[in-house]
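Visitor: Okay, handing you the structure first.
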Amino acid sequence: MPPRKPSPVGIHLLMSGSPSGLTYAERVGAEAIQLFASNPRGWAIPRPALVADAAFAEACMERRVPVFIHAPYLVNLASPTLATRTKSVAALRHSIERGSRLGARGVVLHAGAAIHSANFDSALTETRELLLPLLDSLADNAPDLLVEPTAGGGAPVAATVADLGPLFAVLGHHPRLGVCLDTCHAYAAGHDLAKPGGVRTTLNALVKTVGRGRLKLIHANDSKDPLGSRRDRHARVGTGTIGTEPFAELFRHPATNSVPVIVETPGGLDEQRHDLTLLKTLRDRDR
Ligand SMILES: [Zn+2]
Ligand SMILES: [Zn+2]
């Protein structure tokens with residue numbers, strides 16, 4: 001087995017791609033950054049800030065801080081509404097473009113939802129028809145597309161690890177397709193990460209379903225809700241129903257070797273610094 005490379009841990013940065021954002025990330029001790037390329041709750045596509053983006057990319061590269069883009073929350077390639085699907089593709093194209101400028105490794109998009117289970121089969125087909133051309137269009141320096149399984153509401157295309165099987169199959173196991181695993185979502189979808197060995201079982205199943213090397217990013221969020229709730233309410237690591245120890249287990253699994261870990265929980269500078277320090281302690285404890 002190759003030697004273990006520690007996972008960089010970092011934050012979702014709300015100050016999108018600005019020098020002050022990078023200063024903030026450094027102050028909390030972030031070793032990786034995720035950000036939105038545009039307003040996460042709207043469809044508007046901002047004018048490109050080419051000079052600022054190039055400066056941000058260079059600063060992150062100098063510091064060896066990997067960057068990821070999270071697509072807007074409204075994106076739903078499986079929507080039964082044509083207008084939503086069309087706007088979703090445009091938003092993803094923008095996230096990919098800006099991600100390329102920022103030197104991002106991946107663009108995270110939520111596995112969509114059919115809204116009503118009656119639409120499920122066509123939802124998978126729509127996802128294929130919209131996502132495959134995007135995957136095929138990715139230039140060598142463009143970020144990969146990382147599907148994030150959801151918490152499980154609204155007839156999801158993928159919430160559980162098993163759901164990723166049919167999704168990867170319709171997308172032909174495209175080489176530019178990866179997975180972003182959100183621990184809060186996985187727990188809400190029914191994966192019992194809280195019990196001893198629960199993280200190992202889930203990650204083993206993930207590797208078996210999508211293959212080695214597909215897990216490209218982890219969202220380390222605890223949950224405010226019980227196992228299988230299908231609710232997506234993040235809690236700070238160690239303060240929710242998952243607890244602290246499963247996050248230590250996460251760092252020990254071979255599938256997470258060198259895979260960046262991002263916290264997506266609110267809080268000011270002190271809270272975020274505390275959360276990253278906790279994660280680094282768990283990561284470095286057993287090395
Ligand atoms: Zn997400
Ligand atoms: Zn997430």
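Here's how to read the names in the structure tokens: chain A, B, ... by the order shown, residue numbers from 1 in each chain, ligand numbers from 1 in the order shown.
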Give me, as an MDAnalysis selection string, all polymer residues having an atom no more than 9 Å from Val199 of chain A, counting only C-alpha atoms and skipping those fewer than 6 positions away in the same chain.

Guide: chainID A and resid 191:193 246:247 249:250 253

Visitor: Residues at most 6 Å from segment 140-152 of chain A, counting only C-alpha atoms, excluding those fewer than 6 positions away in the same chain, as a VMD selection string?

Guide: chain A and resid 100 104 to 111 158 to 159 176 to 181 185 188 to 189 230 to 232

Visitor: What would the file look like if the residues just selected were written as a JSON list (two decimals), in the first residue's frame with C-alpha atoms?

Guide:
```json
[["chain", "number", "residue", "atom", "x", "y", "z"],
["A", 100, "SER", "CA", -10.63, 26.55, -14.60],
["A", 104, "ALA", "CA", -9.88, 24.29, -9.12],
["A", 105, "ARG", "CA", -9.56, 20.54, -8.92],
["A", 106, "GLY", "CA", -13.28, 19.87, -8.92],
["A", 107, "VAL", "CA", -16.75, 21.33, -9.30],
["A", 108, "VAL", "CA", -19.17, 19.80, -6.81],
["A", 109, "LEU", "CA", -22.76, 19.37, -7.91],
["A", 110, "HIS", "CA", -25.56, 17.78, -5.95],
["A", 111, "ALA", "CA", -26.96, 14.63, -7.47],
["A", 158, "ALA", "CA", -28.26, 9.54, -5.57],
["A", 159, "ALA", "CA", -28.41, 9.74, -1.79],
["A", 176, "ARG", "CA", -13.66, 12.97, -15.28],
["A", 177, "LEU", "CA", -16.45, 11.96, -12.90],
["A", 178, "GLY", "CA", -15.76, 11.87, -9.17],
["A", 179, "VAL", "CA", -17.60, 11.79, -5.86],
["A", 180, "CYS", "CA", -17.84, 14.32, -3.05],
["A", 181, "LEU", "CA", -19.02, 12.57, 0.09],
["A", 185, "HIS", "CA", -25.92, 13.73, 3.87],
["A", 188, "ALA", "CA", -29.31, 11.41, 6.75],
["A", 189, "ALA", "CA", -29.58, 8.96, 3.86],
["A", 230, "ARG", "CA", -33.34, 12.66, 5.12],
["A", 231, "ARG", "CA", -32.81, 16.14, 6.51],
["A", 232, "ASP", "CA", -29.80, 18.22, 5.57]]
```

Visitor: From a DSSP pass on the backbone, collect the residues of segment 14-231 of chain A flagged as strand (DSSP E) and hand them back as a count of residues only.

Guide: 31

Visitor: Near segment 205-213 of chain A, counting only C-alpha atoms, which residues have an atom at most 10 Å away, once you skip same-chain residues fewer than 6 positions from it, shown as a list in words?

Guide: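 That gives Thr160, Val161, Ala162, Asp163, Leu164, Gly165, Pro166, Leu167, Phe168, Ala169, His173, Leu177, Gly178, Val179, Leu181, Val199, Pro254, Ala255, Thr256, Asn257 and Val259 of chain A.
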
Visitor: Go ahead and write the residues just picked, N, CA and C atoms, as a PDB file, in the first residue's frame.

Guide:
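The resulting file, result13.pdb, is shown below:
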```pdb
ATOM      1  N   THR A 160     -27.829   7.426  -1.313  1.00  0.00           N
ATOM      2  CA  THR A 160     -26.999   6.375  -0.716  1.00  0.00           C
ATOM      3  C   THR A 160     -25.833   6.034  -1.653  1.00  0.00           C
ATOM      4  N   VAL A 161     -24.866   5.337  -1.075  1.00  0.00           N
ATOM      5  CA  VAL A 161     -23.726   4.863  -1.874  1.00  0.00           C
ATOM      6  C   VAL A 161     -24.214   3.944  -2.996  1.00  0.00           C
ATOM      7  N   ALA A 162     -25.190   3.095  -2.692  1.00  0.00           N
ATOM      8  CA  ALA A 162     -25.710   2.168  -3.707  1.00  0.00           C
ATOM      9  C   ALA A 162     -26.303   2.930  -4.898  1.00  0.00           C
ATOM     10  N   ASP A 163     -26.898   4.089  -4.626  1.00  0.00           N
ATOM     11  CA  ASP A 163     -27.487   4.892  -5.715  1.00  0.00           C
ATOM     12  C   ASP A 163     -26.441   5.342  -6.726  1.00  0.00           C
ATOM     13  N   LEU A 164     -25.179   5.432  -6.282  1.00  0.00           N
ATOM     14  CA  LEU A 164     -24.128   5.889  -7.196  1.00  0.00           C
ATOM     15  C   LEU A 164     -23.852   4.858  -8.290  1.00  0.00           C
ATOM     16  N   GLY A 165     -24.211   3.606  -8.033  1.00  0.00           N
ATOM     17  CA  GLY A 165     -23.972   2.541  -9.015  1.00  0.00           C
ATOM     18  C   GLY A 165     -24.660   2.831 -10.341  1.00  0.00           C
ATOM     19  N   PRO A 166     -26.006   2.955 -10.330  1.00  0.00           N
ATOM     20  CA  PRO A 166     -26.706   3.256 -11.588  1.00  0.00           C
ATOM     21  C   PRO A 166     -26.279   4.587 -12.209  1.00  0.00           C
ATOM     22  N   LEU A 167     -25.962   5.572 -11.382  1.00  0.00           N
ATOM     23  CA  LEU A 167     -25.552   6.883 -11.911  1.00  0.00           C
ATOM     24  C   LEU A 167     -24.220   6.762 -12.659  1.00  0.00           C
ATOM     25  N   PHE A 168     -23.241   6.105 -12.023  1.00  0.00           N
ATOM     26  CA  PHE A 168     -21.956   5.909 -12.702  1.00  0.00           C
ATOM     27  C   PHE A 168     -22.136   5.056 -13.958  1.00  0.00           C
ATOM     28  N   ALA A 169     -23.056   4.097 -13.892  1.00  0.00           N
ATOM     29  CA  ALA A 169     -23.266   3.222 -15.052  1.00  0.00           C
ATOM     30  C   ALA A 169     -23.815   4.022 -16.236  1.00  0.00           C
ATOM     31  N   HIS A 173     -19.035   5.458 -16.441  1.00  0.00           N
ATOM     32  CA  HIS A 173     -17.850   5.565 -15.576  1.00  0.00           C
ATOM     33  C   HIS A 173     -16.844   6.544 -16.180  1.00  0.00           C
ATOM     34  N   LEU A 177     -15.375  11.963 -13.903  1.00  0.00           N
ATOM     35  CA  LEU A 177     -16.448  11.956 -12.903  1.00  0.00           C
ATOM     36  C   LEU A 177     -15.896  11.493 -11.555  1.00  0.00           C
ATOM     37  N   GLY A 178     -16.196  12.253 -10.509  1.00  0.00           N
ATOM     38  CA  GLY A 178     -15.764  11.875  -9.172  1.00  0.00           C
ATOM     39  C   GLY A 178     -16.907  11.993  -8.191  1.00  0.00           C
ATOM     40  N   VAL A 179     -16.586  11.733  -6.922  1.00  0.00           N
ATOM     41  CA  VAL A 179     -17.595  11.785  -5.858  1.00  0.00           C
ATOM     42  C   VAL A 179     -17.120  12.733  -4.767  1.00  0.00           C
ATOM     43  N   LEU A 181     -18.194  13.193  -0.944  1.00  0.00           N
ATOM     44  CA  LEU A 181     -19.024  12.573   0.092  1.00  0.00           C
ATOM     45  C   LEU A 181     -19.232  13.549   1.245  1.00  0.00           C
ATOM     46  N   VAL A 199     -18.079   4.171   9.430  1.00  0.00           N
ATOM     47  CA  VAL A 199     -17.433   4.917   8.345  1.00  0.00           C
ATOM     48  C   VAL A 199     -16.695   3.950   7.422  1.00  0.00           C
ATOM     49  N   PRO A 254      -8.194   3.920   3.717  1.00  0.00           N
ATOM     50  CA  PRO A 254      -7.329   4.120   2.533  1.00  0.00           C
ATOM     51  C   PRO A 254      -7.979   4.980   1.442  1.00  0.00           C
ATOM     52  N   ALA A 255      -9.301   4.962   1.337  1.00  0.00           N
ATOM     53  CA  ALA A 255      -9.969   5.733   0.267  1.00  0.00           C
ATOM     54  C   ALA A 255      -9.845   7.234   0.476  1.00  0.00           C
ATOM     55  N   THR A 256      -9.512   7.669   1.705  1.00  0.00           N
ATOM     56  CA  THR A 256      -9.412   9.108   1.942  1.00  0.00           C
ATOM     57  C   THR A 256      -7.964   9.599   1.917  1.00  0.00           C
ATOM     58  N   ASN A 257      -7.056   8.721   1.564  1.00  0.00           N
ATOM     59  CA  ASN A 257      -5.646   9.083   1.489  1.00  0.00           C
ATOM     60  C   ASN A 257      -5.457  10.333   0.614  1.00  0.00           C
ATOM     61  N   VAL A 259      -7.138  12.890   0.245  1.00  0.00           N
ATOM     62  CA  VAL A 259      -8.369  13.523  -0.247  1.00  0.00           C
ATOM     63  C   VAL A 259      -8.719  14.717   0.660  1.00  0.00           C
TER      64      VAL A 259
END
```

Visitor: Given the choices A:Thr125, A:Gly112, A:Ile69, A:Leu134, which gets closest to Ala90 of chain A if the distance is worked out from only C-alpha atoms?

Guide: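 Checking each candidate against Ala90 of chain A, we get A:Leu134 as the closest.
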
Visitor: For atom CA of Leu135 of chain A and atom CA of Ala57 of chain A, quote the distance in Å rounded to one decimal.

Guide: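 Between these atoms lies a distance of 22.5 Å.
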
Visitor: Choose the residue, out of A:Leu124, A:Ile45, A:Leu269, A:Ala186, that has the smallest atom-to-atom separation from ligand 2; count only C-alpha atoms and all ligand atoms.

Guide: A:Ala186

Visitor: Identify, with DSSP run on backbone atoms, the residues in segment 49-245 of chain A assigned to alpha helix (DSSP H), and express the list as an MDAnalysis selection string.

Guide: chainID A and resid 50:62 82:101 120:137 164:170 183:188 198:210 245

Visitor: Determine, counting only C-alpha atoms, which protein, DNA and RNA residues have an atom within 10 Å of an atom of Asp286 of chain A; residues of the same chain fewer than 5 positions away are not included. Present the result as an mmCIF file with N, CA and C atoms, in the first residue's frame.

Guide:
```cif
data_model
loop_
_atom_site.group_PDB
_atom_site.id
_atom_site.type_symbol
_atom_site.label_atom_id
_atom_site.label_comp_id
_atom_site.auth_asym_id
_atom_site.auth_seq_id
_atom_site.Cartn_x
_atom_site.Cartn_y
_atom_site.Cartn_z
ATOM 1 N N ALA A 248 -12.357 10.595 13.025
ATOM 2 C CA ALA A 248 -11.016 10.002 13.121
ATOM 3 C C ALA A 248 -10.946 8.763 12.226
ATOM 4 N N GLU A 249 -12.022 7.987 12.246
ATOM 5 C CA GLU A 249 -12.097 6.781 11.410
ATOM 6 C C GLU A 249 -12.008 7.144 9.918
ATOM 7 N N PHE A 251 -10.356 9.540 8.544
ATOM 8 C CA PHE A 251 -8.970 9.822 8.144
ATOM 9 C C PHE A 251 -8.135 8.551 8.036
ATOM 10 N N ARG A 252 -8.577 7.468 8.661
ATOM 11 C CA ARG A 252 -7.766 6.240 8.639
ATOM 12 C C ARG A 252 -8.044 5.364 7.426
ATOM 13 N N THR A 281 -6.191 17.339 14.609
ATOM 14 C CA THR A 281 -5.809 16.472 15.730
ATOM 15 C C THR A 281 -6.255 15.032 15.462
#
```

Visitor: Find the residue from A:Thr23, A:Thr241, A:Gln34, A:Ser122 that sits nearest to ligand 2; use only C-alpha atoms and all ligand atoms when measuring.

Guide: A:Gln34

Visitor: I'd like to know which of A:Gly29, A:Gly154, A:Pro6, A:Pro72 is closest to ligand 2, using only C-alpha atoms and all ligand atoms.

Guide: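 Counting only C-alpha atoms and all ligand atoms, the residue closest to ligand 2 is A:Pro72.
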